[in-house]
Amino acid sequence: MIDQPVAQRLRSSGPQQGGTQVVSPPPTAPGSRTRALVAGIFSALAGKAVGLAAPLLITPLTFGYLGAERYGLWMAVTSLTSMALFADFGLGNGLLTRLSRLRADGDARGAAREIASAYALLGTLAAALFVLLVGSIRPVDWPALLNVTNPEVARDVRPVVLVCFGAFLLNVPLALIQRVQYAYQQVAQSNVWQAAGSVASVGLVYAAVTAELSPVLVIGAAVLAVPLVGVANTVHHFARRHPELRPRLRAVDATRAGGLLRLGASFFAVSVLSSVAMNLDAFLVGRVLGLEAAATYAVVLRLFALLGLFITLVNLPLWPANGEALACGDVSWVRRSTGRMVCLSMLVVAVPGTLLARYGDEVLRRWIGSAEVTGLPTDLFLALAAGSLLVAVAAPLFMAQNSLGLLRPQLVGWSAFLVVSVPAKVVLAGTVGLTGVALAATVSYALTVLPAAVVGYRRVLAVVSSEE
């Protein structure tokens with residue numbers, strides 16, 4: 001979905017004003033770009049380790065202090081916010097793609113307009129949704145909706161809903177700073193700030209519990225830590241590191257906002273399609289094999305979801321690096337780095353995938369401690385491990401496409417995956433069982449999404465090479 005010749009647009013000269021070109025910091029040299037990519041990968045893994053550790057520390061503190069029912073209320077509300085992960089409608093991804101190009105052009109003025117337009121769009125959206133939230137607090141019977149029966153806990157339902165959803169909406173525009181930092185090859189700094197948000201949540205919760213604050217304030221301390229750190233990150237970035245990019249109201253550009261919306265809509269469509277495609281299995285298993293089988297399969301998928309998380313963490317820094325390299329016409333760097341990242345992604349998945357295939361049943365027995373999720377066939381774990389390996393191969397290829405906003409192959413691939421995989425999963429679930437579902441998913445991915453990744457990657461290279 002490229003609306004004009006890509007390389008020509010990427011290498012267009014920056015705007016002139018008063019005879020002087022307004023420029024950003026120069027684009028990264030190939031060697032520095034590679035070092036930034038490596039730093040981004042390791043910092044992402046370290047930051048995610050901190051992010052995963054934070055809930056492990058917060059849970060015993062809050063569960064004991066809030067009690068089972070209040071803690072359950074908090075988790076129920078949190079699950080509702082988790083369903084709204086696409087609340088930015090792809091605008092963050094669209095901004096990342098467009099900024100990477102503008103940075104390569106040295107076009108600071110254009111980048112500032114993109115940033116200001118993105119903040120204006122998401123700020124307006126978040127404000128409108130917050131007004132809607134406030135307006136719904138009284139009319140909606142939130143205690144009944146969340147099945148809260150304890151009168152004392154019921155009094156806290158509306159404040160908890162307001163705090164949790166308010167923090168989520170506040171973070172919608174604030175999360176843009178992460179995309180800006182990625183676009184400017186400051187991936188490690190972005191990951192440090194994200195880790196700081198996790199650390200801050202632990203510290204604030206501990207302080208709130210120690211001070212014996214009200215349950216609502218304890219929950220508020222947990223959910224507001226990340227937005228508060230986001231504010232600090234945003235202020236520091238635009239006040240100290242890149243004041244030339246500081247979002248200003250007068251820099252909001254309707255044309256650029258429209259372009260962001262169009263590109264964001266494409267990213268949004270890909271996200272929704274892939275999310276539905278990858279999260280439909282438990283529902284299908286429940287329909288064919290029953291809810292107990294669905295629960296078992298969902299637990300197994302959670303183990304392999306960690307592999308998908310690591311694939312994303314490893315490959316995400318490649319997105320802006322590719323964008324800058326392609327904008328500079330450095331196709332050889334993209335080819336070389338993509339090949340290396342395919343190998344690295346496969347390695348990241350192959351080792352734990354092999355261990356899960358061999359010891360997955362034992363891991364489940366020790367983790368869940370229930371006979372209902374043990375005794376699973378090795379073939380089930382092998383099929384899921386093979387599927388994860390295919391995802392690892394496709395991820396770096398998709399990063400090249402994302403860097404140019406070339407999303408049509410992904411839309412076609414995921415659409416075809418849904419068409420092929422759903423009936424295959426239903427049929428094989430009834431004949432083979434859970435292993436059949438995993439096998440159907442893996443084979444369908446190999447026949448639809450992986451070829452789309454290869455076709456799209458080749459199209460990126462061909463388009464840019466043809467414009468050189």
# chains A, B, ... in the order shown; residues from 1 in each chain; ligands from 1
>>> residues_around(residues="region 306-319 of chain A", least_positions_apart="4", cutoff="8 Å", atoms="only C-alpha atoms", output="VMD selection string")
chain A and resid 37 40 to 42 44 to 45 97 182 187 302 323 341 345 348 to 349 352 to 353 388 391 to 392 395 to 396 399 to 400 402 to 403
>>> write_last_selection(atoms="C-alpha atoms", output="compact mmCIF listing (two decimals), in the first residue's frame")
# COMPACT_ATOMS: atom_id res chain seq x y z
CA LEU A 37 20.20 -2.83 16.16
CA GLY A 40 18.13 -2.56 20.71
CA ILE A 41 17.74 -6.35 20.70
CA PHE A 42 19.60 -6.89 23.96
CA ALA A 44 14.53 -5.17 24.56
CA LEU A 45 15.17 -8.60 26.05
CA THR A 97 7.26 4.03 9.39
CA TYR A 182 12.54 3.73 17.70
CA VAL A 187 15.76 1.77 20.85
CA ARG A 302 0.55 -19.78 26.64
CA GLY A 323 13.27 2.16 6.99
CA MET A 341 17.84 -11.79 11.74
CA SER A 345 15.05 -15.55 15.18
CA VAL A 348 15.78 -17.88 19.57
CA VAL A 349 12.87 -20.23 18.85
CA PRO A 352 13.39 -23.40 23.71
CA GLY A 353 11.04 -24.96 21.12
CA SER A 388 6.81 -20.94 16.00
CA VAL A 391 6.81 -17.29 12.53
CA ALA A 392 10.49 -16.67 13.33
CA ALA A 395 9.07 -11.88 11.17
CA PRO A 396 12.23 -10.23 9.71
CA MET A 399 9.84 -5.85 9.22
CA ALA A 400 11.12 -4.82 5.79
CA ASN A 402 6.46 -2.52 7.58
CA SER A 403 9.33 -0.09 7.09
>>> residues_around(residues="Val202 (chain A)", least_positions_apart="2", cutoff="7 Å", atoms="only C-alpha atoms", output="PDB file with N, CA, C and O atoms, in the first residue's frame")
ATOM      1  N   ALA A  54       8.134  -7.583  37.190  1.00  0.00           N
ATOM      2  CA  ALA A  54       7.326  -6.644  37.974  1.00  0.00           C
ATOM      3  C   ALA A  54       6.012  -7.252  38.467  1.00  0.00           C
ATOM      4  O   ALA A  54       5.694  -7.143  39.666  1.00  0.00           O
ATOM      5  N   LEU A  57       6.408  -9.494  41.459  1.00  0.00           N
ATOM      6  CA  LEU A  57       6.621  -8.806  42.730  1.00  0.00           C
ATOM      7  C   LEU A  57       5.351  -8.117  43.219  1.00  0.00           C
ATOM      8  O   LEU A  57       5.075  -8.073  44.422  1.00  0.00           O
ATOM      9  N   ILE A  58       4.576  -7.583  42.277  1.00  0.00           N
ATOM     10  CA  ILE A  58       3.371  -6.838  42.653  1.00  0.00           C
ATOM     11  C   ILE A  58       2.256  -7.764  43.122  1.00  0.00           C
ATOM     12  O   ILE A  58       1.514  -7.432  44.061  1.00  0.00           O
ATOM     13  N   SER A 198       8.100  -0.223  34.695  1.00  0.00           N
ATOM     14  CA  SER A 198       7.829  -1.435  35.475  1.00  0.00           C
ATOM     15  C   SER A 198       8.388  -1.325  36.887  1.00  0.00           C
ATOM     16  O   SER A 198       7.731  -1.698  37.866  1.00  0.00           O
ATOM     17  N   VAL A 199       9.608  -0.797  36.988  1.00  0.00           N
ATOM     18  CA  VAL A 199      10.221  -0.625  38.309  1.00  0.00           C
ATOM     19  C   VAL A 199       9.418   0.374  39.137  1.00  0.00           C
ATOM     20  O   VAL A 199       9.185   0.176  40.345  1.00  0.00           O
ATOM     21  N   ALA A 200       8.975   1.455  38.493  1.00  0.00           N
ATOM     22  CA  ALA A 200       8.192   2.467  39.203  1.00  0.00           C
ATOM     23  C   ALA A 200       6.886   1.890  39.730  1.00  0.00           C
ATOM     24  O   ALA A 200       6.442   2.244  40.834  1.00  0.00           O
ATOM     25  N   LEU A 204       5.873   2.209  43.587  1.00  0.00           N
ATOM     26  CA  LEU A 204       4.667   2.924  44.005  1.00  0.00           C
ATOM     27  C   LEU A 204       3.691   2.021  44.738  1.00  0.00           C
ATOM     28  O   LEU A 204       3.060   2.434  45.720  1.00  0.00           O
ATOM     29  N   VAL A 205       3.557   0.790  44.272  1.00  0.00           N
ATOM     30  CA  VAL A 205       2.660  -0.148  44.958  1.00  0.00           C
ATOM     31  C   VAL A 205       3.177  -0.456  46.356  1.00  0.00           C
ATOM     32  O   VAL A 205       2.414  -0.478  47.329  1.00  0.00           O
ATOM     33  N   TYR A 206       4.478  -0.689  46.455  1.00  0.00           N
ATOM     34  CA  TYR A 206       5.058  -0.964  47.771  1.00  0.00           C
ATOM     35  C   TYR A 206       4.837   0.212  48.720  1.00  0.00           C
ATOM     36  O   TYR A 206       4.466   0.026  49.888  1.00  0.00           O
TER      37      TYR A 206
END
>>> residues_around(residues="Thr34 (chain A)", least_positions_apart="4", cutoff="12 Å", atoms="only C-alpha atoms", output="ChimeraX atom specification")
/A:28-30,38-41,185,317-318,320-322,324-325,333-334,336-338,340-341
>>> write_last_selection(atoms="N, CA, C and O atoms", output="tab-separated table (two decimals), in the first residue's frame")
chain	number	residue	atom	x	y	z
A	28	THR	N	21.96	7.18	10.33
A	28	THR	CA	22.98	6.33	10.90
A	28	THR	C	23.80	5.64	9.82
A	28	THR	O	23.25	5.15	8.84
A	29	ALA	N	25.12	5.59	9.99
A	29	ALA	CA	25.98	4.85	9.08
A	29	ALA	C	25.73	3.36	9.25
A	29	ALA	O	25.27	2.92	10.30
A	30	PRO	N	26.01	2.54	8.20
A	30	PRO	CA	25.71	1.11	8.28
A	30	PRO	C	26.26	0.43	9.53
A	30	PRO	O	25.57	-0.34	10.18
A	38	VAL	N	21.80	-4.19	17.39
A	38	VAL	CA	22.22	-5.16	18.40
A	38	VAL	C	21.88	-4.65	19.81
A	38	VAL	O	21.34	-5.39	20.65
A	39	ALA	N	22.17	-3.36	20.06
A	39	ALA	CA	21.85	-2.78	21.37
A	39	ALA	C	20.35	-2.81	21.62
A	39	ALA	O	19.89	-3.08	22.74
A	40	GLY	N	19.58	-2.54	20.57
A	40	GLY	CA	18.13	-2.56	20.71
A	40	GLY	C	17.61	-3.94	21.05
A	40	GLY	O	16.70	-4.09	21.89
A	41	ILE	N	18.18	-4.98	20.43
A	41	ILE	CA	17.74	-6.35	20.70
A	41	ILE	C	18.02	-6.73	22.15
A	41	ILE	O	17.13	-7.22	22.86
A	185	GLN	N	16.38	5.60	16.06
A	185	GLN	CA	17.43	4.64	16.43
A	185	GLN	C	17.84	4.76	17.90
A	185	GLN	O	19.00	4.51	18.25
A	317	PRO	N	13.34	-3.86	16.60
A	317	PRO	CA	14.33	-2.83	16.27
A	317	PRO	C	14.73	-2.81	14.80
A	317	PRO	O	15.26	-1.81	14.31
A	318	LEU	N	14.49	-3.94	14.09
A	318	LEU	CA	14.85	-4.00	12.67
A	318	LEU	C	13.95	-3.11	11.82
A	318	LEU	O	14.37	-2.65	10.75
A	320	PRO	N	12.60	0.18	12.18
A	320	PRO	CA	13.09	1.52	11.82
A	320	PRO	C	14.46	1.50	11.16
A	320	PRO	O	14.76	2.36	10.32
A	321	ALA	N	15.30	0.52	11.52
A	321	ALA	CA	16.61	0.43	10.88
A	321	ALA	C	16.46	0.16	9.39
A	321	ALA	O	17.16	0.74	8.55
A	322	ASN	N	15.55	-0.73	9.04
A	322	ASN	CA	15.26	-1.00	7.62
A	322	ASN	C	14.74	0.25	6.92
A	322	ASN	O	15.11	0.54	5.78
A	324	GLU	N	15.25	3.40	7.53
A	324	GLU	CA	16.31	4.36	7.25
A	324	GLU	C	17.24	3.85	6.15
A	324	GLU	O	17.63	4.59	5.25
A	325	ALA	N	17.59	2.56	6.21
A	325	ALA	CA	18.51	2.00	5.22
A	325	ALA	C	17.90	2.05	3.82
A	325	ALA	O	18.57	2.42	2.85
A	333	TRP	N	22.46	-3.57	2.95
A	333	TRP	CA	22.39	-3.70	4.41
A	333	TRP	C	21.10	-4.41	4.80
A	333	TRP	O	21.10	-5.26	5.71
A	334	VAL	N	20.00	-4.07	4.13
A	334	VAL	CA	18.71	-4.71	4.44
A	334	VAL	C	18.77	-6.20	4.15
A	334	VAL	O	18.33	-7.03	4.95
A	336	ARG	N	21.44	-8.14	4.02
A	336	ARG	CA	22.37	-8.78	4.96
A	336	ARG	C	21.74	-8.91	6.35
A	336	ARG	O	21.79	-9.97	6.98
A	337	SER	N	21.16	-7.83	6.82
A	337	SER	CA	20.58	-7.83	8.16
A	337	SER	C	19.35	-8.73	8.26
A	337	SER	O	19.15	-9.41	9.27
A	338	THR	N	18.56	-8.75	7.20
A	338	THR	CA	17.38	-9.63	7.21
A	338	THR	C	17.80	-11.08	7.29
A	338	THR	O	17.22	-11.88	8.05
A	340	ARG	N	20.56	-12.29	8.56
A	340	ARG	CA	21.08	-12.56	9.90
A	340	ARG	C	19.95	-12.65	10.92
A	340	ARG	O	19.98	-13.51	11.83
A	341	MET	N	18.94	-11.78	10.78
A	341	MET	CA	17.84	-11.79	11.74
A	341	MET	C	16.97	-13.04	11.58
A	341	MET	O	16.40	-13.52	12.57
>>> closest_residue(among="A:Gly166, A:Gly110, A:Gly258, A:Pro377", to="Gly94 (chain A)", atoms="only C-alpha atoms")
A:Gly258
>>> closest_residue(among="A:Ile177, A:Leu355, A:Ala385, A:Leu170", to="Ala128 (chain A)", atoms="only C-alpha atoms")
A:Leu170
>>> closest_residue(among="A:Val455, A:Ala441, A:Ala221, A:Leu344", to="Pro423 (chain A)", atoms="only C-alpha atoms")
A:Ala441
>>> residues_around(residues="Ala87 (chain A)", least_positions_apart="3", cutoff="12 Å", atoms="only C-alpha atoms", output="ChimeraX atom specification")
/A:81-84,90-92,121-123,125-126,129,165,168-173,175,264-265,268,271-272
>>> residues_around(residues="Ala424 (chain A)", least_positions_apart="2", cutoff="9 Å", atoms="only C-alpha atoms", output="VMD selection string")
chain A and resid 420 to 422 426 to 429 436 to 437 440 to 441 444
>>> write_last_selection(atoms="C-alpha atoms", output="PDB file, in the first residue's frame")
ATOM      1  CA  VAL A 420      -7.679 -22.142   4.976  1.00  0.00           C
ATOM      2  CA  SER A 421      -6.998 -22.747   8.666  1.00  0.00           C
ATOM      3  CA  VAL A 422     -10.461 -22.517  10.228  1.00  0.00           C
ATOM      4  CA  VAL A 426     -12.339 -27.991  12.746  1.00  0.00           C
ATOM      5  CA  VAL A 427     -11.892 -31.133  10.639  1.00  0.00           C
ATOM      6  CA  LEU A 428      -8.584 -32.197  12.210  1.00  0.00           C
ATOM      7  CA  ALA A 429      -9.787 -31.416  15.724  1.00  0.00           C
ATOM      8  CA  GLY A 436      -4.630 -31.835  14.600  1.00  0.00           C
ATOM      9  CA  VAL A 437      -5.452 -28.238  15.502  1.00  0.00           C
ATOM     10  CA  ALA A 440      -3.579 -27.381  10.792  1.00  0.00           C
ATOM     11  CA  ALA A 441      -2.329 -24.017  12.066  1.00  0.00           C
ATOM     12  CA  SER A 444      -1.863 -23.271   6.936  1.00  0.00           C
TER      13      SER A 444
END
>>> closest_residue(among="A:Val153, A:Val218, A:Ala416, A:Val163", to="Thr59 (chain A)", atoms="only C-alpha atoms")
A:Val218
>>> closest_residue(among="A:Tyr65, A:Trp193, A:Tyr119, A:Phe417", to="Asp253 (chain A)", atoms="only C-alpha atoms")
A:Tyr119
>>> closest_residue(among="A:Leu376, A:Ala232, A:Leu450, A:Ala183", to="Val412 (chain A)", atoms="only C-alpha atoms")
A:Leu450
>>> residues_around(residues="Leu291 (chain A)", least_positions_apart="6", cutoff="9 Å", atoms="only C-alpha atoms", output="ChimeraX atom specification")
/A:282-283,285
>>> residues_around(residues="region 356-358 of chain A", least_positions_apart="4", cutoff="9 Å", atoms="only C-alpha atoms", output="list of chain:residue names")
A:Leu303, A:Phe304, A:Val351, A:Pro352, A:Glu362, A:Val363, A:Thr378, A:Asp379, A:Leu380, A:Phe381, A:Leu382, A:Ala383, A:Leu384, A:Ala385
>>> select_by_dssp(residues="region 133-220 of chain A", states="alpha helix (DSSP H)", output="number ranges by chain")
A: 133-137, 142-145, 151-174, 176-183, 187-210, 215-220
>>> decode(residues="region 55-66 of chain A", atoms="all heavy atoms", output="PDB file, in the first residue's frame")
ATOM      1  N   PRO A  55       5.213  -7.907  37.611  1.00  0.00           N
ATOM      2  CA  PRO A  55       3.973  -8.503  38.119  1.00  0.00           C
ATOM      3  C   PRO A  55       4.220  -9.584  39.169  1.00  0.00           C
ATOM      4  O   PRO A  55       3.390  -9.772  40.069  1.00  0.00           O
ATOM      5  CB  PRO A  55       3.324  -9.097  36.858  1.00  0.00           C
ATOM      6  CG  PRO A  55       3.923  -8.353  35.726  1.00  0.00           C
ATOM      7  CD  PRO A  55       5.317  -8.030  36.151  1.00  0.00           C
ATOM      8  N   LEU A  56       5.352 -10.304  39.049  1.00  0.00           N
ATOM      9  CA  LEU A  56       5.662 -11.330  40.040  1.00  0.00           C
ATOM     10  C   LEU A  56       5.885 -10.719  41.419  1.00  0.00           C
ATOM     11  O   LEU A  56       5.586 -11.348  42.446  1.00  0.00           O
ATOM     12  CB  LEU A  56       6.906 -12.119  39.606  1.00  0.00           C
ATOM     13  CG  LEU A  56       6.791 -12.896  38.293  1.00  0.00           C
ATOM     14  CD1 LEU A  56       8.110 -13.599  37.971  1.00  0.00           C
ATOM     15  CD2 LEU A  56       5.648 -13.904  38.354  1.00  0.00           C
ATOM     16  N   LEU A  57       6.408  -9.494  41.459  1.00  0.00           N
ATOM     17  CA  LEU A  57       6.621  -8.806  42.730  1.00  0.00           C
ATOM     18  C   LEU A  57       5.351  -8.117  43.219  1.00  0.00           C
ATOM     19  O   LEU A  57       5.075  -8.073  44.422  1.00  0.00           O
ATOM     20  CB  LEU A  57       7.744  -7.773  42.580  1.00  0.00           C
ATOM     21  CG  LEU A  57       9.126  -8.333  42.223  1.00  0.00           C
ATOM     22  CD1 LEU A  57      10.104  -7.204  41.933  1.00  0.00           C
ATOM     23  CD2 LEU A  57       9.651  -9.209  43.364  1.00  0.00           C
ATOM     24  N   ILE A  58       4.576  -7.583  42.277  1.00  0.00           N
ATOM     25  CA  ILE A  58       3.371  -6.838  42.653  1.00  0.00           C
ATOM     26  C   ILE A  58       2.256  -7.764  43.122  1.00  0.00           C
ATOM     27  O   ILE A  58       1.514  -7.432  44.061  1.00  0.00           O
ATOM     28  CB  ILE A  58       2.887  -5.985  41.457  1.00  0.00           C
ATOM     29  CG1 ILE A  58       3.851  -4.818  41.226  1.00  0.00           C
ATOM     30  CG2 ILE A  58       1.481  -5.456  41.687  1.00  0.00           C
ATOM     31  CD1 ILE A  58       3.517  -3.999  40.004  1.00  0.00           C
ATOM     32  N   THR A  59       2.140  -8.937  42.510  1.00  0.00           N
ATOM     33  CA  THR A  59       1.006  -9.819  42.796  1.00  0.00           C
ATOM     34  C   THR A  59       0.883 -10.198  44.264  1.00  0.00           C
ATOM     35  O   THR A  59      -0.198 -10.037  44.850  1.00  0.00           O
ATOM     36  CB  THR A  59       1.078 -11.076  41.909  1.00  0.00           C
ATOM     37  OG1 THR A  59       0.974 -10.684  40.536  1.00  0.00           O
ATOM     38  CG2 THR A  59      -0.048 -12.047  42.246  1.00  0.00           C
ATOM     39  N   PRO A  60       1.935 -10.705  44.918  1.00  0.00           N
ATOM     40  CA  PRO A  60       1.763 -11.050  46.336  1.00  0.00           C
ATOM     41  C   PRO A  60       1.459  -9.846  47.212  1.00  0.00           C
ATOM     42  O   PRO A  60       0.711  -9.944  48.192  1.00  0.00           O
ATOM     43  CB  PRO A  60       3.104 -11.697  46.712  1.00  0.00           C
ATOM     44  CG  PRO A  60       4.075 -11.245  45.674  1.00  0.00           C
ATOM     45  CD  PRO A  60       3.286 -11.054  44.429  1.00  0.00           C
ATOM     46  N   LEU A  61       2.037  -8.680  46.869  1.00  0.00           N
ATOM     47  CA  LEU A  61       1.758  -7.464  47.633  1.00  0.00           C
ATOM     48  C   LEU A  61       0.288  -7.076  47.541  1.00  0.00           C
ATOM     49  O   LEU A  61      -0.379  -6.843  48.562  1.00  0.00           O
ATOM     50  CB  LEU A  61       2.618  -6.309  47.110  1.00  0.00           C
ATOM     51  CG  LEU A  61       4.045  -6.166  47.632  1.00  0.00           C
ATOM     52  CD1 LEU A  61       4.756  -5.059  46.872  1.00  0.00           C
ATOM     53  CD2 LEU A  61       4.046  -5.874  49.125  1.00  0.00           C
ATOM     54  N   THR A  62      -0.211  -7.017  46.322  1.00  0.00           N
ATOM     55  CA  THR A  62      -1.576  -6.532  46.112  1.00  0.00           C
ATOM     56  C   THR A  62      -2.626  -7.567  46.474  1.00  0.00           C
ATOM     57  O   THR A  62      -3.684  -7.222  47.003  1.00  0.00           O
ATOM     58  CB  THR A  62      -1.760  -6.097  44.650  1.00  0.00           C
ATOM     59  OG1 THR A  62      -1.366  -7.165  43.777  1.00  0.00           O
ATOM     60  CG2 THR A  62      -0.927  -4.871  44.348  1.00  0.00           C
ATOM     61  N   PHE A  63      -2.350  -8.847  46.198  1.00  0.00           N
ATOM     62  CA  PHE A  63      -3.343  -9.874  46.503  1.00  0.00           C
ATOM     63  C   PHE A  63      -3.606  -9.934  48.001  1.00  0.00           C
ATOM     64  O   PHE A  63      -4.755 -10.007  48.453  1.00  0.00           O
ATOM     65  CB  PHE A  63      -2.867 -11.235  45.999  1.00  0.00           C
ATOM     66  CG  PHE A  63      -3.933 -12.296  46.026  1.00  0.00           C
ATOM     67  CD1 PHE A  63      -4.729 -12.518  44.916  1.00  0.00           C
ATOM     68  CD2 PHE A  63      -4.148 -13.056  47.160  1.00  0.00           C
ATOM     69  CE1 PHE A  63      -5.727 -13.482  44.940  1.00  0.00           C
ATOM     70  CE2 PHE A  63      -5.136 -14.022  47.204  1.00  0.00           C
ATOM     71  CZ  PHE A  63      -5.931 -14.241  46.084  1.00  0.00           C
ATOM     72  N   GLY A  64      -2.517  -9.908  48.774  1.00  0.00           N
ATOM     73  CA  GLY A  64      -2.690  -9.960  50.226  1.00  0.00           C
ATOM     74  C   GLY A  64      -3.344  -8.713  50.788  1.00  0.00           C
ATOM     75  O   GLY A  64      -4.123  -8.782  51.746  1.00  0.00           O
ATOM     76  N   TYR A  65      -3.046  -7.559  50.192  1.00  0.00           N
ATOM     77  CA  TYR A  65      -3.571  -6.291  50.713  1.00  0.00           C
ATOM     78  C   TYR A  65      -5.013  -6.056  50.272  1.00  0.00           C
ATOM     79  O   TYR A  65      -5.851  -5.610  51.068  1.00  0.00           O
ATOM     80  CB  TYR A  65      -2.698  -5.138  50.235  1.00  0.00           C
ATOM     81  CG  TYR A  65      -3.016  -3.809  50.881  1.00  0.00           C
ATOM     82  CD1 TYR A  65      -2.540  -3.511  52.163  1.00  0.00           C
ATOM     83  CD2 TYR A  65      -3.773  -2.847  50.231  1.00  0.00           C
ATOM     84  CE1 TYR A  65      -2.818  -2.297  52.768  1.00  0.00           C
ATOM     85  CE2 TYR A  65      -4.060  -1.633  50.820  1.00  0.00           C
ATOM     86  CZ  TYR A  65      -3.586  -1.361  52.083  1.00  0.00           C
ATOM     87  OH  TYR A  65      -3.875  -0.156  52.683  1.00  0.00           O
ATOM     88  N   LEU A  66      -5.315  -6.365  49.013  1.00  0.00           N
ATOM     89  CA  LEU A  66      -6.648  -6.089  48.482  1.00  0.00           C
ATOM     90  C   LEU A  66      -7.661  -7.173  48.833  1.00  0.00           C
ATOM     91  O   LEU A  66      -8.860  -6.892  48.935  1.00  0.00           O
ATOM     92  CB  LEU A  66      -6.587  -5.948  46.950  1.00  0.00           C
ATOM     93  CG  LEU A  66      -5.709  -4.823  46.400  1.00  0.00           C
ATOM     94  CD1 LEU A  66      -5.648  -4.904  44.869  1.00  0.00           C
ATOM     95  CD2 LEU A  66      -6.237  -3.458  46.829  1.00  0.00           C
TER      96      LEU A  66
END
